[in-house]
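Structure data follow from query39.txt (compact mmCIF, C-alpha atoms):
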# COMPACT_ATOMS: atom_id res chain seq x y z
CA MET M 324 -29.97 -31.07 -30.95
CA PRO M 325 -28.53 -31.83 -27.47
CA LEU M 326 -27.78 -28.92 -25.17
CA ILE M 327 -24.09 -28.25 -24.50
CA SER M 328 -23.27 -27.88 -20.82
CA ILE M 329 -20.52 -25.46 -19.79
CA PRO M 330 -19.09 -26.04 -16.28
CA TRP M 331 -19.88 -23.13 -13.95
CA ILE M 332 -17.27 -22.25 -11.34
CA ASP M 333 -17.78 -20.22 -8.18
CA ALA M 334 -15.13 -18.27 -6.26
CA ASP M 335 -13.74 -21.42 -4.59
CA THR M 336 -14.38 -23.93 -7.39
CA PRO M 337 -11.25 -25.30 -9.06
CA PHE M 338 -11.00 -25.20 -12.84
CA PRO M 339 -12.06 -28.32 -14.71
CA SER M 340 -9.41 -30.07 -16.78
CA VAL M 341 -8.57 -28.28 -20.03
CA GLU M 342 -9.16 -31.64 -21.74
CA MET M 343 -12.87 -31.07 -21.06
CA ALA M 344 -12.88 -27.99 -23.33
CA LEU M 345 -15.51 -27.69 -26.03
CA SER M 346 -14.37 -27.84 -29.64
CA ASN M 347 -14.07 -24.02 -29.68
CA GLY M 348 -11.76 -24.08 -26.65
CA LEU M 349 -14.26 -22.96 -23.99
CA VAL M 350 -13.55 -24.68 -20.67
CA ALA M 351 -15.67 -22.96 -18.02
CA ALA M 352 -17.70 -19.89 -17.07
CA GLY M 353 -17.88 -17.91 -13.84
CA GLY M 354 -15.32 -17.39 -11.12
CA ASP M 355 -13.56 -14.07 -10.68
CA LEU M 356 -10.54 -12.09 -11.84
CA SER M 357 -8.64 -12.20 -8.58
CA ILE M 358 -4.85 -12.45 -8.64
CA GLY M 359 -4.91 -16.04 -7.39
CA ARG M 360 -7.51 -17.14 -9.93
CA LEU M 361 -5.69 -15.52 -12.86
CA LEU M 362 -2.28 -16.96 -11.97
CA ASN M 363 -3.80 -20.42 -11.52
CA ALA M 364 -5.52 -20.06 -14.89
CA TYR M 365 -2.27 -19.22 -16.68
CA GLN M 366 -0.47 -22.14 -15.05
CA LEU M 367 -3.15 -24.42 -16.50
CA GLY M 368 -3.13 -22.82 -19.93
CA LEU M 369 -6.40 -20.93 -19.50
CA PHE M 370 -7.15 -17.28 -20.18
CA PRO M 371 -10.26 -15.10 -19.71
CA TRP M 372 -12.03 -13.72 -22.77
CA PHE M 373 -15.56 -12.36 -22.56
CA ASN M 374 -17.67 -9.33 -23.37
CA GLU M 375 -18.48 -6.71 -20.76
CA GLY M 376 -21.68 -7.51 -18.89
CA GLU M 377 -21.39 -11.26 -19.58
CA PRO M 378 -20.08 -14.01 -17.27
CA ILE M 379 -16.31 -14.56 -17.29
CA LEU M 380 -15.41 -17.22 -19.87
CA TRP M 381 -12.22 -19.29 -19.64
CA TRP M 382 -10.57 -20.65 -22.77
CA SER M 383 -7.95 -23.20 -23.79
CA PRO M 384 -7.81 -23.43 -27.61
CA ASN M 385 -6.55 -26.54 -29.36
CA PRO M 386 -4.18 -26.08 -31.06
CA ARG M 387 -2.48 -23.22 -29.22
CA THR M 388 -0.51 -20.50 -31.02
CA VAL M 389 2.99 -20.05 -29.59
CA LEU M 390 5.96 -17.93 -30.68
CA ARG M 391 9.48 -19.14 -30.01
CA CYS M 392 11.49 -16.02 -29.29
CA ASP M 393 14.41 -17.15 -31.46
CA GLN M 394 12.07 -17.75 -34.41
CA PHE M 395 10.65 -14.24 -34.65
CA LYS M 396 10.54 -13.31 -38.35
CA LEU M 397 11.96 -9.92 -39.23
CA SER M 398 10.94 -8.70 -42.67
CA LYS M 399 13.56 -6.73 -44.58
CA SER M 400 11.80 -3.44 -43.90
CA LEU M 401 11.30 -4.21 -40.20
CA ALA M 402 14.93 -5.31 -39.84
CA LYS M 403 16.03 -2.01 -41.39
CA THR M 404 13.82 -0.03 -38.99
CA CYS M 405 15.17 -1.94 -35.99
CA ARG M 406 18.76 -1.26 -37.09
CA GLN M 407 17.95 2.46 -37.33
CA ILE M 408 16.43 2.39 -33.84
CA ALA M 409 19.49 0.58 -32.47
CA ARG M 410 21.90 3.15 -33.93
CA SER M 411 20.13 6.03 -32.18
CA GLU M 412 18.82 4.33 -29.04
CA PHE M 413 20.92 6.47 -26.67
CA SER M 414 20.80 9.71 -28.64
CA ALA M 415 18.98 12.79 -27.34
CA SER M 416 16.20 12.41 -29.93
CA PRO M 417 16.00 8.77 -31.09
CA LYS M 418 13.82 7.72 -34.03
CA LEU M 419 11.80 5.56 -31.62
CA ARG M 420 12.44 4.51 -28.03
CA ILE M 421 11.36 1.16 -26.63
CA THR M 422 10.77 0.78 -22.90
CA THR M 423 9.22 -1.65 -20.46
CA ASN M 424 6.92 -1.05 -17.48
CA LEU M 425 6.98 2.74 -17.78
CA ALA M 426 3.33 3.09 -18.84
CA PHE M 427 1.45 -0.16 -18.17
CA LEU M 428 -1.95 1.50 -17.78
CA GLY M 429 -1.37 3.61 -20.89
CA VAL M 430 -0.65 0.48 -22.93
CA ILE M 431 -3.62 -1.57 -21.76
CA GLN M 432 -5.96 1.40 -22.18
CA GLN M 433 -4.69 1.98 -25.71
CA CYS M 434 -5.16 -1.72 -26.50
CA ALA M 435 -8.76 -1.40 -25.34
CA GLN M 436 -9.35 1.84 -27.23
CA THR M 437 -7.79 0.65 -30.49
CA ARG M 438 -9.77 -2.58 -30.53
CA HIS M 439 -12.97 -0.80 -29.56
CA HIS M 440 -12.72 1.33 -32.70
CA LYS M 441 -12.04 -1.72 -34.90
CA GLU M 442 -14.32 -4.53 -33.76
CA GLY M 443 -15.28 -3.99 -30.14
CA THR M 444 -13.14 -4.98 -27.17
CA TRP M 445 -13.08 -7.53 -24.37
CA ILE M 446 -10.64 -5.29 -22.46
CA SER M 447 -13.26 -3.92 -20.09
CA PRO M 448 -12.61 -1.78 -16.99
CA ASP M 449 -12.70 -5.00 -14.92
CA ILE M 450 -10.03 -6.59 -17.15
CA ILE M 451 -7.89 -3.44 -16.97
CA GLN M 452 -8.09 -3.43 -13.17
CA ALA M 453 -7.37 -7.16 -12.92
CA TYR M 454 -4.21 -6.97 -15.03
CA TYR M 455 -3.10 -3.77 -13.34
CA ASN M 456 -3.35 -5.69 -10.05
CA LEU M 457 -1.03 -8.32 -11.56
CA HIS M 458 1.29 -5.53 -12.71
CA LEU M 459 1.47 -4.15 -9.16
CA ILE M 460 2.83 -7.49 -7.91
CA GLN M 461 5.25 -7.70 -10.88
CA GLN M 462 3.45 -10.53 -12.69
CA ALA M 463 2.13 -8.48 -15.63
CA HIS M 464 4.33 -6.25 -17.77
CA SER M 465 4.17 -3.85 -20.67
CA VAL M 466 6.46 -2.92 -23.53
CA GLU M 467 6.08 0.64 -24.87
CA VAL M 468 7.14 2.29 -28.12
CA TRP M 469 7.62 6.07 -27.93
CA GLN M 470 7.89 8.68 -30.65
CA GLY M 471 9.22 11.61 -28.68
CA SER M 472 6.89 11.81 -25.67
CA LYS M 473 3.98 10.12 -27.47
CA LEU M 474 3.09 6.48 -26.82
CA VAL M 475 2.63 5.03 -30.33
CA GLY M 476 2.68 1.29 -29.75
CA GLY M 477 3.07 -1.48 -27.23
CA LEU M 478 1.91 -4.73 -25.75
CA TYR M 479 1.21 -6.29 -22.36
CA GLY M 480 1.13 -9.78 -20.91
CA VAL M 481 1.78 -12.03 -17.92
CA HIS M 482 5.15 -13.36 -16.78
CA LEU M 483 5.06 -16.65 -14.90
CA GLY M 484 8.15 -18.74 -14.27
CA ARG M 485 9.98 -19.03 -17.59
CA PHE M 486 6.98 -18.30 -19.78
CA PHE M 487 5.41 -15.11 -21.12
CA PHE M 488 1.72 -14.96 -21.98
CA GLY M 489 0.97 -12.25 -24.51
CA GLU M 490 -2.41 -10.58 -24.09
CA SER M 491 -2.81 -7.71 -26.53
CA MET M 492 -0.87 -5.12 -28.51
CA PHE M 493 -1.58 -1.88 -30.34
CA SER M 494 0.03 0.33 -32.95
CA LEU M 495 -0.58 3.99 -33.78
CA THR M 496 2.27 4.18 -36.28
CA ASN M 497 3.71 1.80 -38.83
CA ASP M 498 5.09 -1.46 -37.33
CA ALA M 499 5.10 -0.15 -33.73
CA SER M 500 3.53 -3.29 -32.24
CA LYS M 501 5.88 -5.52 -34.25
CA ILE M 502 8.85 -3.54 -32.94
CA ALA M 503 7.56 -3.95 -29.38
CA LEU M 504 7.23 -7.70 -29.87
CA TYR M 505 10.68 -8.02 -31.41
CA TYR M 506 12.31 -6.12 -28.54
CA LEU M 507 10.35 -8.27 -26.09
CA THR M 508 11.78 -11.45 -27.63
CA ARG M 509 15.34 -10.10 -27.25
CA TYR M 510 14.72 -9.12 -23.63
CA LEU M 511 13.08 -12.43 -22.72
CA ILE M 512 15.94 -14.49 -24.13
CA ASN M 513 18.82 -12.40 -22.83
CA GLN M 514 17.56 -11.38 -19.39
CA HIS M 515 15.07 -14.07 -18.36
CA GLN M 516 16.00 -17.21 -20.32
CA ILE M 517 12.41 -17.29 -21.58
CA HIS M 518 12.01 -18.82 -25.01
CA TYR M 519 8.24 -19.01 -25.49
CA ILE M 520 5.44 -16.46 -25.82
CA ASP M 521 1.85 -17.67 -25.69
CA CYS M 522 -0.12 -15.95 -28.47
CA GLN M 523 -3.38 -17.75 -27.62
CA GLN M 524 -5.17 -17.98 -30.96
CA GLU M 525 -3.91 -18.19 -34.53
CA THR M 526 -4.08 -15.13 -36.78
CA PRO M 527 -2.37 -14.48 -40.14
CA HIS M 528 -0.54 -11.56 -38.50
CA LEU M 529 0.98 -13.76 -35.77
CA LEU M 530 1.90 -16.50 -38.25
CA SER M 531 3.70 -13.93 -40.40
CA LEU M 532 5.86 -13.08 -37.38
CA GLY M 533 6.89 -16.69 -36.81
CA ALA M 534 4.23 -18.02 -34.42
CA GLN M 535 3.27 -21.68 -34.82
CA SER M 536 0.45 -23.96 -33.72
CA MET M 537 1.05 -26.43 -30.88
CA PRO M 538 -1.29 -29.24 -29.72
CA ARG M 539 -2.94 -28.48 -26.38
CA ALA M 540 -1.38 -31.54 -24.71
CA GLU M 541 2.11 -30.43 -25.74
CA PHE M 542 1.41 -26.85 -24.63
CA SER M 543 0.14 -28.07 -21.23
CA GLN M 544 3.26 -30.16 -20.68
CA LEU M 545 5.46 -27.20 -21.61
CA LEU M 546 3.63 -25.02 -19.09
CA LYS M 547 3.94 -27.61 -16.34
CA THR M 548 7.72 -27.56 -16.75
CA LEU M 549 8.34 -23.86 -17.35
CA THR M 550 5.82 -22.11 -15.06
CA SER M 551 7.13 -24.06 -12.05
CA ALA M 552 10.46 -22.22 -12.34
CA ASP M 553 11.14 -19.12 -10.25
CA THR M 554 9.70 -15.91 -11.72
CA THR M 555 12.62 -13.51 -12.19
CA VAL M 556 12.55 -9.79 -11.42
CA TRP M 557 11.54 -7.82 -14.53
CA GLY M 558 12.45 -4.20 -13.80
CA GLN M 559 11.58 -1.05 -15.74
CA GLY M 560 13.45 1.18 -18.17
CA GLN M 561 14.64 1.34 -21.76
CA LEU M 562 15.01 -1.87 -23.77
CA CYS M 563 18.12 -2.02 -25.93
CA ALA M 564 18.60 -3.84 -29.22
CA GLN M 565 20.63 -6.67 -27.71
CA GLY M 566 18.09 -7.32 -24.97
CA GLN M 567 19.59 -5.33 -22.10
CA LEU M 568 17.58 -3.12 -19.76
CA HIS M 569 18.69 0.46 -19.10
CA PRO M 570 16.90 1.87 -16.00
CA LEU M 571 14.67 4.93 -16.49
CA GLU M 572 12.05 6.71 -14.41
CA PRO M 573 8.37 5.90 -15.19
CA HIS M 574 6.23 8.41 -17.09
Mind turning this structure into structure tokens?
Amino acid sequence: MPLISIPWIDADTPFPSVEMALSNGLVAAGGDLSIGRLLNAYQLGLFPWFNEGEPILWWSPNPRTVLRCDQFKLSKSLAKTCRQIARSEFSASPKLRITTNLAFLGVIQQCAQTRHHKEGTWISPDIIQAYYNLHLIQQAHSVEVWQGSKLVGGLYGVHLGRFFFGESMFSLTNDASKIALYYLTRYLINQHQIHYIDCQQETPHLLSLGAQSMPRAEFSQLLKTLTSADTTVWGQGQLCAQGQLHPLEPH
């Protein structure tokens, strides 16, 4: 059986073309998690995914799983929950409160912890630091779901041009991550004119929410157009049902 060669990249080596990916989507190994490297990777449709202690691996699956924000599927029960949240969103003690960028580290750490308990996690301390660095320059963002003062769900990802790249989400109570994703779609459409969320790889859960598969070539062309647009200011505060942002102080 012939050996399969994976391109190795050093700190200054450019990424190989995503068309050179192996059948499993692996494009290259090595490099670093610097801000410049990560942003370049996302522009090209690459993302890092590797176990702690191993070399950094860069992936571009074919097909790619993408969610159009206006095609998010609300089940009857989830739609009812979201209506209840909307009715009490400005009350003194809302059923749930959805915010953005008030607890980025809390969200990414919970994503790591939740996955560690289930099947192990790729969200290592190095990954946490790398995405926190992106957050500090307003390129990575979180959505939080609060029950009182407790963080019970959320997600995080990267914002580049007119595209959002979802990374991971967690839920400590029923439907919390779905609620976070739904509120994200409203915010992206209404405040940033963003219509696509990269979901990376296909899962039954994502498909049930409306995500669809897209050929790599089509995804790459979409990125070329949309990531070249100006990246708008995101802000922080409470997300409202219609997609507006109400400023709040961080936790």
At a cut-off of 8 Å, can you tabulate as a tab-separated table every residue of range 470-570 of chain M near range 390-393 of chain M together with its closest atom pair and the distance in Å to one decimal, using only C-alpha atoms and ordering rows by chain then number?
residue	atom	partner	partner_atom	distance
M:Thr508	CA	M:Cys392	CA	4.9
M:Arg509	CA	M:Cys392	CA	7.4
M:Leu511	CA	M:Cys392	CA	7.7
M:Ile512	CA	M:Cys392	CA	7.0
M:Ile517	CA	M:Cys392	CA	7.9
M:His518	CA	M:Cys392	CA	5.1
M:Tyr519	CA	M:Arg391	CA	4.7
M:Ile520	CA	M:Leu390	CA	5.1
M:Asp521	CA	M:Leu390	CA	6.5
M:Cys522	CA	M:Leu390	CA	6.8
M:Gly533	CA	M:Leu390	CA	6.3
M:Ala534	CA	M:Leu390	CA	4.1
M:Gln535	CA	M:Leu390	CA	6.2
task = Have a look at CA of Lys399 in chain M and CA of Ala503 in chain M and let me know their distance in Å, one decimal.
result =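 Atom-to-atom, CA of Lys399 in chain M to CA of Ala503 in chain M, that is 16.6 Å.
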Output, as JSON, the centre and edge lengths in Å (one decimal) of the axis-aligned box that contains all listed atoms of range 336-345 of chain M with 3 Å of margin on each side.
{"center_x": -12.0, "center_y": -27.8, "center_z": -16.7, "size_x": 12.9, "size_y": 13.7, "size_z": 24.6}
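With distances restricted to only C-alpha atoms, M:Gln524 is the closest residue to Glu490 in chain M from M:Gln559, M:Gln394, M:Gln565, M:Gln524.
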request  = May I ask which of the residues M:Val481, M:Ile408, M:Ile421, M:Leu356 is the closest one to Asp449 in chain M, counting all atoms listed in the file?
outcome  =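 The answer is M:Leu356, which sits nearest to Asp449 in chain M.
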task = List the residues sitting within 8 Å of (12.5, -6.5, -20.9) in the file's frame, using only C-alpha atoms, as a list of chain:residue names.
result =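 Every residue inside that radius is included here: M:Thr422, M:Thr423, M:Val466, M:Tyr506, M:Leu507, M:Arg509, M:Tyr510, M:Leu511, M:Gln514, M:Trp557, M:Gly558, M:Gln559, M:Leu562, M:Gly566, M:Gln567, M:Leu568.
In this structure, CA of Ala402 in chain M sits 9.8 Å away from CA of Tyr505 in chain M.
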key: Protein, DNA and RNA residues within 7 Å of (1.1, -18.1, -16.3), only C-alpha atoms, as a VMD selection string   = chain M and resid 362 365 to 366 481 to 483 486 488 550
Counting all atoms listed in the file, the option among M:Ser328, M:Thr548, M:Thr388, M:Ser346 closest to Leu530 in chain M =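 The shortest atom-to-atom distance to Leu530 in chain M comes from M:Thr388.
Nearest-residue note for Pro378 in chain M: choosing from M:Ala463, M:Gln407, M:Ile332, M:Gly353, the minimum distance belongs to M:Gly353, counting all atoms listed in the file.
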ask   = Near Gln523 in chain M, counting only C-alpha atoms, which residues have an atom at most 8 Å away, once you skip same-chain residues fewer than 3 positions from it, shown as a PyMOL selection string?
value = chain M and resi 384+387-389+489
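Distance-wise, CA of Arg406 in chain M and CA of Thr496 in chain M end up 17.4 Å apart.
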message = So that I can see what lies close to Ile431 in chain M, please list as a VMD selection string the residues with an atom at most 7 Å from it, counting only C-alpha atoms and leaving out residues fewer than 4 positions away in the same chain.
response = chain M and resid 427 435 451 479
Within 7 Å of Pro538 in chain M, counting only C-alpha atoms, which residues qualify if same-chain residues fewer than 3 places away don't, as a PDB file with C-alpha atoms, in the frame of the given file?
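The resulting file, out_31.pdb, is reproduced below:
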ATOM      1  CA  ASN M 385      -6.550 -26.540 -29.360  1.00  0.00           C
ATOM      2  CA  PRO M 386      -4.180 -26.080 -31.060  1.00  0.00           C
ATOM      3  CA  ARG M 387      -2.480 -23.220 -29.220  1.00  0.00           C
ATOM      4  CA  GLU M 541       2.110 -30.430 -25.740  1.00  0.00           C
ATOM      5  CA  PHE M 542       1.410 -26.850 -24.630  1.00  0.00           C
TER       6      PHE M 542
END
key: Counting only C-alpha atoms, the residue of M:Leu428, M:Gly476, M:Arg539, M:Lys501 that sits nearest Gly368 in chain M   =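 Going through M:Leu428, M:Gly476, M:Arg539, M:Lys501 one by one, the smallest distance to Gly368 in chain M is for M:Arg539.
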Nearest to Gly348 in chain M, chosen from M:Gln561, M:Gln432, M:Ser494, M:Ser383, with only C-alpha atoms counted in the distances = M:Ser383
